[in-house]
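These notes concern the structure reproduced below.
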Amino acid sequence: MEKYNQPLLIVLFVLLSSFTIYKTRENNKPTLWLIGDSTVRNGTYDRGDGGLWGWGHFIHELFDTTKISIQNKAFGGTSSLSFVTGGFWEKVRPNIKKGDYVLIQFGHNDGNPTTLKGNGDDSTMVTNPKTQKSVMAHSFGYNIRKYIDETKAMGGIPIVLSLVPRNIWKDGKVDRVGAEYVAIDKEVATQKGVDFIDLNKIIADHYDELGEAKVMADYFTVKDHTHTIEAGAKFNAACVVEGLRGLKKQPFKKYLLN
């Protein structure tokens, strides 16, 4: 029996070794974590309901995923606070390992009493209008700083992104929506010494070049001025990569395709 068992053992050993090497390579790859709202990951299950998609669904197509993993953990309807209180951040934070990157994009759902204005350290108890429950509210800047600090504590590298613009136009120019959030994102990133990508400006500048008619026809539906269809989500993903390529130390150069 030994002459038959020995080849089988060799095959099993080779297969086990290959699997172990594969898993080691996978574990050694950095991960790019995405956190944010529905403009990053649309809907509860990211299935393109209504033909609408977030840019995070397609961004992996622009990366060499043999060198870096992409984890889109954004969740529709979340603000910079509710992403924490809803338990979504805690599904990401403990899994961040040294050398991972975390892209942080909030703002669209922060215009309510649960997010205080500005970048201060003040806090107050407020009633969440959706749940009618009391919650401790902090400033938008405080919330973004929390993600930065906790990412760094895990050995990760945080990058702050401003919110994407909506398909709202005035005098032939797209509205740079949420200017106050863009300013706070930039201020916080400077305070914390982390990279900031003004995604709002990058996308809006391109929209202005393309014109209202083309942007409307190619990237949105007439029923929704915030969430993009597939082509719009892919366009926004390319704009994110444009921002990543523009970072001074070019940390993503070895991970990006083309």
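Lettering and numbering for the structure tokens are positional, with chains as A, B, ... in the shown order, residues counted from 1 in each chain, and ligands counted from 1 in the shown order.
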
Contact residues around Gly56 (chain A) with only C-alpha atoms at 10 Å, ignoring same-chain residues under 5 positions, as a ChimeraX atom specification: /A:33-36,38-42,46,70-74,233-234,236-237,240

Determine, using only C-alpha atoms, which residues of region 112-184 of chain A have any atom at most 7 Å from an atom of region 198-205 of chain A, and tabulate each with its shortest atom pair and distance in Å to one decimal place, rows ordered by chain and then rising number, as a tab-separated table.
residue	atom	partner	partner_atom	distance
A:Leu161	CA	A:Leu199	CA	5.9
A:Ser162	CA	A:Asp198	CA	5.2
A:Leu163	CA	A:Asn200	CA	5.6
A:Val164	CA	A:Asn200	CA	4.7
A:Pro165	CA	A:Asn200	CA	5.5
A:Val174	CA	A:Ala204	CA	6.3
A:Arg176	CA	A:Ala204	CA	6.7

Report as a VMD selection string all protein, DNA and RNA residues lying within 12 Å of Asp64 (chain A), evaluated on only C-alpha atoms, omitting residues in the same chain fewer than 4 positions from it. chain A and resid 29 to 32 59 to 60 68 to 70 252 to 258

Using DSSP on the backbone coordinates, identify all residues within region 76-224 of chain A classified as helix (DSSP H, G or I); present the result as number ranges by chain. A: 82-85, 89-91, 93-95, 140-153, 179-192, 199-210, 212-219

Quick one: of A:Arg47, A:Arg145, A:His108, A:Lys248, who's nearest to Gly120 (chain A), counting only C-alpha atoms?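 Between A:Arg47, A:Arg145, A:His108, A:Lys248, the residue approaching Gly120 (chain A) most closely is A:Arg145.
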
Region 127-144 of chain A: which residues within 10 Å, counting only C-alpha atoms, same-chain residues fewer than 5 positions away excluded, as JSON, numbers by chain? {"A": [79, 80, 81, 82, 83, 84, 85, 104, 105, 106, 107, 110, 111, 112, 113, 114, 115, 116, 117, 118, 119, 120, 121, 122, 149, 160, 180, 181, 183, 184, 185, 186, 187, 188, 189]}
